[in-house]
Amino acid sequence: MHRIALLSLLGAGLTAAACRDAPKAGPDAASSEPSAAAPEPAPPATQGAGVGAGAASGGRGTVPVEITAVVGGKRYQAAGPGECQHTTEASIYNVPAALWRASFTASDKRDLQSLNLTVWQPKAGGANQVTLAVQVGASTHQIATVRGGQMAGRGTAQVPSTGSAGSGGTLTVDGEDAGGAPLRVTVQCPRFTVPIAEGG
């Protein structure tokens, strides 16, 4: 009789311990786990740059581009499908400006792997402002002269004197990259497309 009572007490103790260690159920337990429906954080804005009057860099018109980059005295060339965009209704850090943009990514292994170039021409006048990143091999060379943004290297940019959507031209950047290496880039665009409006 004493043995049966002792076994009953041991069973009750094990049951109580199991209940004590089990995960809580109910609202408190649910709130301790991340919600699968929680929205992901929005991506950060790009360089504080906006394209006003309904235009943004969302256009995806592909054109055949030709690129020449001279880095530290060594010449690299690439050609293939890329993007060339232009609008007179843009803004950079709330400063109205015309915009020219060119981008390229190689589809195969070559020295000149990629290029991203944006030139801003403030409507109020002053020097053109530029952001440039060109990847040659494993190295990326950058120039950034946009006022209000993070600066890198130094350089000047030239754009077509009479450029409009549908027409073509050459974009040129001369200067030094962030490491002080001489850098000259030219991009020949057969035509410029109009960037698509954000949300359009």
# chains A, B, ... in the order shown; residues from 1 in each chain; ligands from 1
>>> residues_around(residues="Ser103 in chain A", least_positions_apart="6", cutoff="7 Å", atoms="only C-alpha atoms", output="ChimeraX atom specification")
/A:82-84,115-117
>>> write_last_selection(atoms="N, CA and C atoms", output="compact mmCIF listing (two decimals), in the first residue's frame")
# COMPACT_ATOMS: atom_id res chain seq x y z
N GLY A 82 23.00 47.95 -72.67
CA GLY A 82 23.06 48.76 -71.46
C GLY A 82 21.87 49.69 -71.42
N GLU A 83 21.93 50.65 -70.54
CA GLU A 83 20.86 51.64 -70.41
C GLU A 83 21.42 53.04 -70.55
N CYS A 84 20.70 53.88 -71.26
CA CYS A 84 21.03 55.30 -71.39
C CYS A 84 19.73 56.08 -71.19
N LEU A 115 29.50 49.28 -65.16
CA LEU A 115 29.59 50.74 -65.06
C LEU A 115 28.24 51.28 -64.65
N ASN A 116 28.25 52.23 -63.73
CA ASN A 116 27.06 53.01 -63.37
C ASN A 116 27.47 54.47 -63.31
N LEU A 117 26.84 55.28 -64.13
CA LEU A 117 27.19 56.70 -64.23
C LEU A 117 25.92 57.54 -64.22
>>> residues_around(residues="Asp174 in chain A", least_positions_apart="4", cutoff="8 Å", atoms="only C-alpha atoms", output="MDAnalysis selection string")
chainID A and resid 155:157 183:185
>>> closest_residue(among="A:Ala97, A:Gly169, A:Asp177, A:Ser107", to="Gly80 in chain A", atoms="only C-alpha atoms")
A:Ser107
>>> residues_around(residues="Val136 in chain A", least_positions_apart="4", cutoff="10 Å", atoms="only C-alpha atoms", output="count of residues only")
11
>>> select_by_dssp(residues="range 116-168 of chain A", states="strand (DSSP E)", output="list in words")
Asn116, Leu117, Thr118, Val119, Trp120, Gln121, Pro122, Gln129, Val130, Thr131, Leu132, Ala133, Val134, Gln135, Val136, Ser139, Thr140, His141, Gln142, Ile143, Ala144, Arg154, Gly155, Thr156, Ala157 and Gln158 of chain A
>>> atom_distance(atom1="CA of Pro81 in chain A", atom2="CA of Thr145 in chain A")
26.9 Å
>>> atom_distance(atom1="CA of Pro160 in chain A", atom2="CA of Gly137 in chain A")
29.1 Å
>>> atom_distance(atom1="CA of Thr62 in chain A", atom2="CA of Gln150 in chain A")
29.2 Å
>>> residues_around(residues="Asn128 in chain A", least_positions_apart="6", cutoff="12 Å", atoms="only C-alpha atoms", output="PDB file with N, CA and C atoms, in the first residue's frame")
ATOM      1  N   ILE A  92      18.177  66.629 -57.434  1.00  0.00           N
ATOM      2  CA  ILE A  92      19.168  65.976 -56.593  1.00  0.00           C
ATOM      3  C   ILE A  92      19.248  66.744 -55.284  1.00  0.00           C
ATOM      4  N   ALA A  97      17.329  69.697 -61.567  1.00  0.00           N
ATOM      5  CA  ALA A  97      18.473  69.431 -62.444  1.00  0.00           C
ATOM      6  C   ALA A  97      18.036  68.548 -63.594  1.00  0.00           C
ATOM      7  N   ALA A  98      18.798  68.631 -64.681  1.00  0.00           N
ATOM      8  CA  ALA A  98      18.670  67.651 -65.758  1.00  0.00           C
ATOM      9  C   ALA A  98      19.520  66.445 -65.386  1.00  0.00           C
ATOM     10  N   LEU A  99      19.119  65.291 -65.869  1.00  0.00           N
ATOM     11  CA  LEU A  99      19.797  64.049 -65.515  1.00  0.00           C
ATOM     12  C   LEU A  99      20.180  63.272 -66.761  1.00  0.00           C
ATOM     13  N   TRP A 100      21.395  62.743 -66.750  1.00  0.00           N
ATOM     14  CA  TRP A 100      21.841  61.760 -67.730  1.00  0.00           C
ATOM     15  C   TRP A 100      22.322  60.540 -66.955  1.00  0.00           C
ATOM     16  N   THR A 118      25.893  58.552 -63.374  1.00  0.00           N
ATOM     17  CA  THR A 118      24.811  59.530 -63.379  1.00  0.00           C
ATOM     18  C   THR A 118      25.413  60.924 -63.350  1.00  0.00           C
ATOM     19  N   VAL A 119      24.953  61.771 -64.237  1.00  0.00           N
ATOM     20  CA  VAL A 119      25.396  63.163 -64.292  1.00  0.00           C
ATOM     21  C   VAL A 119      24.184  64.053 -64.067  1.00  0.00           C
ATOM     22  N   TRP A 120      24.348  65.007 -63.140  1.00  0.00           N
ATOM     23  CA  TRP A 120      23.289  65.968 -62.819  1.00  0.00           C
ATOM     24  C   TRP A 120      23.749  67.355 -63.258  1.00  0.00           C
ATOM     25  N   GLN A 121      22.881  68.069 -63.971  1.00  0.00           N
ATOM     26  CA  GLN A 121      23.187  69.432 -64.427  1.00  0.00           C
ATOM     27  C   GLN A 121      22.186  70.372 -63.759  1.00  0.00           C
ATOM     28  N   PRO A 122      22.595  71.056 -62.662  1.00  0.00           N
ATOM     29  CA  PRO A 122      21.659  71.927 -61.938  1.00  0.00           C
ATOM     30  C   PRO A 122      21.063  72.996 -62.854  1.00  0.00           C
ATOM     31  N   ALA A 144      32.555  60.684 -56.916  1.00  0.00           N
ATOM     32  CA  ALA A 144      31.264  61.227 -56.469  1.00  0.00           C
ATOM     33  C   ALA A 144      31.459  62.686 -56.095  1.00  0.00           C
ATOM     34  N   THR A 145      30.776  63.569 -56.807  1.00  0.00           N
ATOM     35  CA  THR A 145      30.922  65.009 -56.565  1.00  0.00           C
ATOM     36  C   THR A 145      29.583  65.673 -56.256  1.00  0.00           C
ATOM     37  N   VAL A 146      28.565  64.883 -55.930  1.00  0.00           N
ATOM     38  CA  VAL A 146      27.228  65.440 -55.675  1.00  0.00           C
ATOM     39  C   VAL A 146      27.220  66.172 -54.343  1.00  0.00           C
ATOM     40  N   ARG A 147      26.857  67.449 -54.366  1.00  0.00           N
ATOM     41  CA  ARG A 147      26.812  68.249 -53.139  1.00  0.00           C
ATOM     42  C   ARG A 147      25.704  67.736 -52.227  1.00  0.00           C
ATOM     43  N   ARG A 154      37.638  63.074 -57.385  1.00  0.00           N
ATOM     44  CA  ARG A 154      37.259  64.357 -57.976  1.00  0.00           C
ATOM     45  C   ARG A 154      37.124  64.171 -59.469  1.00  0.00           C
ATOM     46  N   GLY A 155      36.337  65.025 -60.119  1.00  0.00           N
ATOM     47  CA  GLY A 155      36.184  64.889 -61.557  1.00  0.00           C
ATOM     48  C   GLY A 155      35.180  65.862 -62.133  1.00  0.00           C
ATOM     49  N   THR A 156      35.218  65.987 -63.437  1.00  0.00           N
ATOM     50  CA  THR A 156      34.271  66.811 -64.178  1.00  0.00           C
ATOM     51  C   THR A 156      33.561  65.922 -65.191  1.00  0.00           C
ATOM     52  N   ALA A 157      32.354  66.310 -65.545  1.00  0.00           N
ATOM     53  CA  ALA A 157      31.552  65.504 -66.465  1.00  0.00           C
ATOM     54  C   ALA A 157      31.055  66.365 -67.611  1.00  0.00           C
ATOM     55  N   GLN A 158      31.093  65.789 -68.798  1.00  0.00           N
ATOM     56  CA  GLN A 158      30.569  66.443 -69.988  1.00  0.00           C
ATOM     57  C   GLN A 158      29.382  65.645 -70.514  1.00  0.00           C
ATOM     58  N   VAL A 159      28.344  66.366 -70.954  1.00  0.00           N
ATOM     59  CA  VAL A 159      27.142  65.737 -71.493  1.00  0.00           C
ATOM     60  C   VAL A 159      26.896  66.294 -72.895  1.00  0.00           C
ATOM     61  N   LEU A 171      28.722  60.641 -73.026  1.00  0.00           N
ATOM     62  CA  LEU A 171      28.975  61.115 -71.669  1.00  0.00           C
ATOM     63  C   LEU A 171      30.443  60.883 -71.351  1.00  0.00           C
ATOM     64  N   THR A 172      31.091  61.899 -70.764  1.00  0.00           N
ATOM     65  CA  THR A 172      32.526  61.803 -70.462  1.00  0.00           C
ATOM     66  C   THR A 172      32.793  62.274 -69.045  1.00  0.00           C
ATOM     67  N   VAL A 173      33.615  61.522 -68.329  1.00  0.00           N
ATOM     68  CA  VAL A 173      34.051  61.904 -66.988  1.00  0.00           C
ATOM     69  C   VAL A 173      35.567  61.868 -66.937  1.00  0.00           C
ATOM     70  N   ASP A 174      36.171  62.957 -66.464  1.00  0.00           N
ATOM     71  CA  ASP A 174      37.627  63.062 -66.299  1.00  0.00           C
ATOM     72  C   ASP A 174      37.931  63.385 -64.852  1.00  0.00           C
TER      73      ASP A 174
END
>>> closest_residue(among="A:Met151, A:Val194, A:Val130, A:Val70", to="Thr87 in chain A", atoms="only C-alpha atoms")
A:Val194
